[in-house]
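Following: one structure in structure tokens, then a few remarks.
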Amino acid sequence: MAQFNGSVLTELGLALLTKAQTGATRIQFTRIGIGDGYSAEDQSKLTELVHEVLSLDILELKVIGEGQSQVTATISNKDLTDGVYVREIGLFATDPDEGEILYAVANAGSLADFLPPSDGINVVEEIFHFITVIGTVENVTAVIDEKALVTVDSFNEHVNDASIHVTSEEMDLVNRRITRIEAYLDLDSRGVSGAQARFVDTYDGEDDPVLKLDETKTYATAAITASDTTIVVPVASTQGFAVGQEVTICDDQQFEERFIWAVGVNTLSFGIMLNSYKKGAYIARSTLERDTTARKMRIGGWGTSTVTISEL
């Protein structure tokens with residue numbers, strides 16, 4: 001990489017800067033020129049490069065503070081048939097009175113870098129960051145080629161901009177919520193009892209301010225016999241149950257859904273019971289269990305436990 005001593009503002013560049021600082025115009029950079037000429041005694045008097053060999057489109061413009069801007073361009077030997085020495089770099093701008101001018105220039109002298117011609121196999125590319133003075137001018141722009149490459153810094157800034165990108169986790173949560181709402185609306189439109197106020201959340205195991213999993217459940221304290229008339233079932237607790245609610249009755253062999261006709265003291269009444277159930281059968285608003293680790297809903301199990309107490 002060539003070693004440049006720093007850029008020098010030309011007299012034409014200084015004149016444009018003065019106009020821009022008074023608000024009479026703006027500074028618009030147009031391109032970067034590459035030359036192989038040696039430095040003049042006073043670079044500030046240059047109106048063009050000593051010997052320009054390449055013209056580069058501007059890739060990026062940044063105002064970096066302290067009255068300076070950074071103009072970025074890239075150079076490649078892809079289309080070069082002859083090698084060139086990257087010795088002088090010129091930053092060009094548009095002056096409303098003069099047209100295109102050489103705004104600033106830098107020269108590496110004997111420390112120039114040689115860019116070899118393309119051999120069709122190996123491609124050499126370099127990125128230049130040209131830093132120059134803009135003073136207190138706020139209206140600084142650049143003509144940027146729409147086909148220009150994106151710098152690594154610009155790409156990373158774009159990728160990491162949380163204001164314009166949504167992470168996969170955030171999108172997953174949005175999709176789950178949409179699915180939840182769609183299911184709720186479907187149940188509501190079909191007149192499913194209880195769906196108007198509460199909905200069994202089968203998607204992520206998290207409580208929702210509108211859609212909430214009703215985990216009310218109890219169990220039968222005696223075996224249930226099938227009946228085609230009203231049946232009173234003794235239960236361990238009636239807390240959370242109400243007349244008109246639909247519940248699931250199940251054991252390890254069968255299940256059915258029934259509406260509660262009456263709530264008594266540790267009893268629930270139903271209009272009919274198609275099946276017989278074992279003592280300990282679940283009676284629940286939902287037989288689902290939430291797996292908060294996997295963020296899924298699972299079918300709850302039914303079973304009995306035997307506890308043996310031995311005298312020591």
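All residue names refer to the structure tokens as shown: chains lettered A, B, ... in order, residues numbered from 1 in each chain, ligands numbered from 1 in order.
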
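Every protein, DNA or RNA residue with an atom at most 9 Å from Ile260 in chain A, where only C-alpha atoms count and chain neighbours fewer than 2 positions away do not, is listed here: A:Phe241, A:Ala242, A:Val243, A:Gly244, A:Gln245, A:Glu246, A:Val247, A:Arg258, A:Ala262, A:Val263, A:Leu268, A:Ser269, A:Phe270, A:Gly271.
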
Could those selected residues go to a file with C-alpha atoms, as a short mmCIF file (atom, residue, chain, number, x, y, z; two decimals), in the first residue's frame?
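part03.cif, written as the output of this step:
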```cif
data_model
loop_
_atom_site.label_atom_id
_atom_site.label_comp_id
_atom_site.auth_asym_id
_atom_site.auth_seq_id
_atom_site.Cartn_x
_atom_site.Cartn_y
_atom_site.Cartn_z
CA PHE A 241 -65.42 -23.59 37.67
CA ALA A 242 -68.72 -21.96 36.70
CA VAL A 243 -72.07 -22.93 35.22
CA GLY A 244 -71.98 -22.97 31.41
CA GLN A 245 -68.29 -23.74 31.09
CA GLU A 246 -67.20 -26.57 28.85
CA VAL A 247 -64.78 -29.04 30.45
CA ARG A 258 -69.36 -31.67 28.74
CA ALA A 262 -74.52 -26.79 38.27
CA VAL A 263 -71.75 -26.18 40.79
CA LEU A 268 -70.14 -30.62 39.48
CA SER A 269 -73.36 -31.54 37.67
CA PHE A 270 -73.64 -32.49 34.00
CA GLY A 271 -76.68 -33.12 31.79
#
```

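When the distance limit is 10 Å and only C-alpha atoms are what count, the residues near Ile127 in chain A, minus those fewer than 2 positions from it on the same chain, are Met1, Leu59, Thr72, Ala73, Thr74, Ile75, Ser76, Glu125, His129, Phe130 and Thr151 of chain A.
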
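Comparing A:Val174, A:Val137, A:Leu80, A:Leu17 by their smallest distance to Tyr103 in chain A, the closest is A:Leu17 (using only C-alpha atoms).
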
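When CA of Thr94 in chain A is paired with CA of Glu52 in chain A, their separation reads 18.1 Å.
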
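Counting only C-alpha atoms and comparing A:Ala281, A:Asp172, A:Ser237, A:Gln254, the residue that lies closest to Ile224 in chain A is A:Ala281.
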
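Residue nearest Lys78 in chain A, chosen from A:Ser227, A:Ser110, A:Asn122, A:Thr267 and counting only C-alpha atoms: A:Asn122.
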
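The list of residues with at least one atom within 6 Å of Val86 in chain A, based on only C-alpha atoms and without residues fewer than 5 positions apart in the same chain, reads Asp36, Ala112 and Asp113 of chain A.
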
Just-selected residues, N, CA, C and O atoms written as a PDB file, in the first residue's frame:
```pdb
ATOM      1  N   ASP A  36       0.163   8.858 -11.627  1.00  0.00           N
ATOM      2  CA  ASP A  36       1.502   8.338 -11.342  1.00  0.00           C
ATOM      3  C   ASP A  36       2.561   9.444 -11.369  1.00  0.00           C
ATOM      4  O   ASP A  36       3.762   9.182 -11.373  1.00  0.00           O
ATOM      5  N   ALA A 112       5.233   5.159  -3.660  1.00  0.00           N
ATOM      6  CA  ALA A 112       4.042   4.764  -4.416  1.00  0.00           C
ATOM      7  C   ALA A 112       3.898   3.252  -4.472  1.00  0.00           C
ATOM      8  O   ALA A 112       4.871   2.504  -4.344  1.00  0.00           O
ATOM      9  N   ASP A 113       2.668   2.823  -4.694  1.00  0.00           N
ATOM     10  CA  ASP A 113       2.361   1.398  -4.787  1.00  0.00           C
ATOM     11  C   ASP A 113       2.148   1.047  -6.264  1.00  0.00           C
ATOM     12  O   ASP A 113       1.515   1.800  -7.006  1.00  0.00           O
TER      13      ASP A 113
END
```

TODO: Point out the residue among A:Leu115, A:Ala223, A:Ala106, A:Leu9 with the least atom-to-atom distance to Val53 in chain A, counting only C-alpha atoms.
DONE: A:Leu115

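The coordinates place CA of Gly90 in chain A at 28.4 Å from CA of Gly120 in chain A.
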
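As for CA of Gln3 in chain A and CA of Leu56 in chain A, they are spaced 18.8 Å apart.
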
TODO: Skip Ile134 in chain A itself and residues of its chain fewer than 6 positions away, then list as a list in words all residues within 10 Å of it, counting only C-alpha atoms.
DONE: Leu9, Gly13, Leu14, Leu16, Leu17, Thr18, Ala20, Gln21, Ile27, Val63, Gly65, Glu66, Gly67, Gln68, Ser69, Gln70 and Val140 of chain A

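Comparing A:Asp57, A:Asp79, A:Glu256, A:Glu182 by their smallest distance to Ile272 in chain A, the closest is A:Glu256 (using only C-alpha atoms).
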
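Residues surrounding Gly83 in chain A within 9 Å are Asn77, Phe114, Leu115, Pro116, Pro117 and Ser118 of chain A [only C-alpha atoms; sequence separation below 4 positions excluded].
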
Task: Thr218 in chain A surroundings by only C-alpha atoms, 9 Å radius, close-in-sequence under 2 positions cut, as a ChimeraX atom specification - done: /A:216,220,235-239,280-284
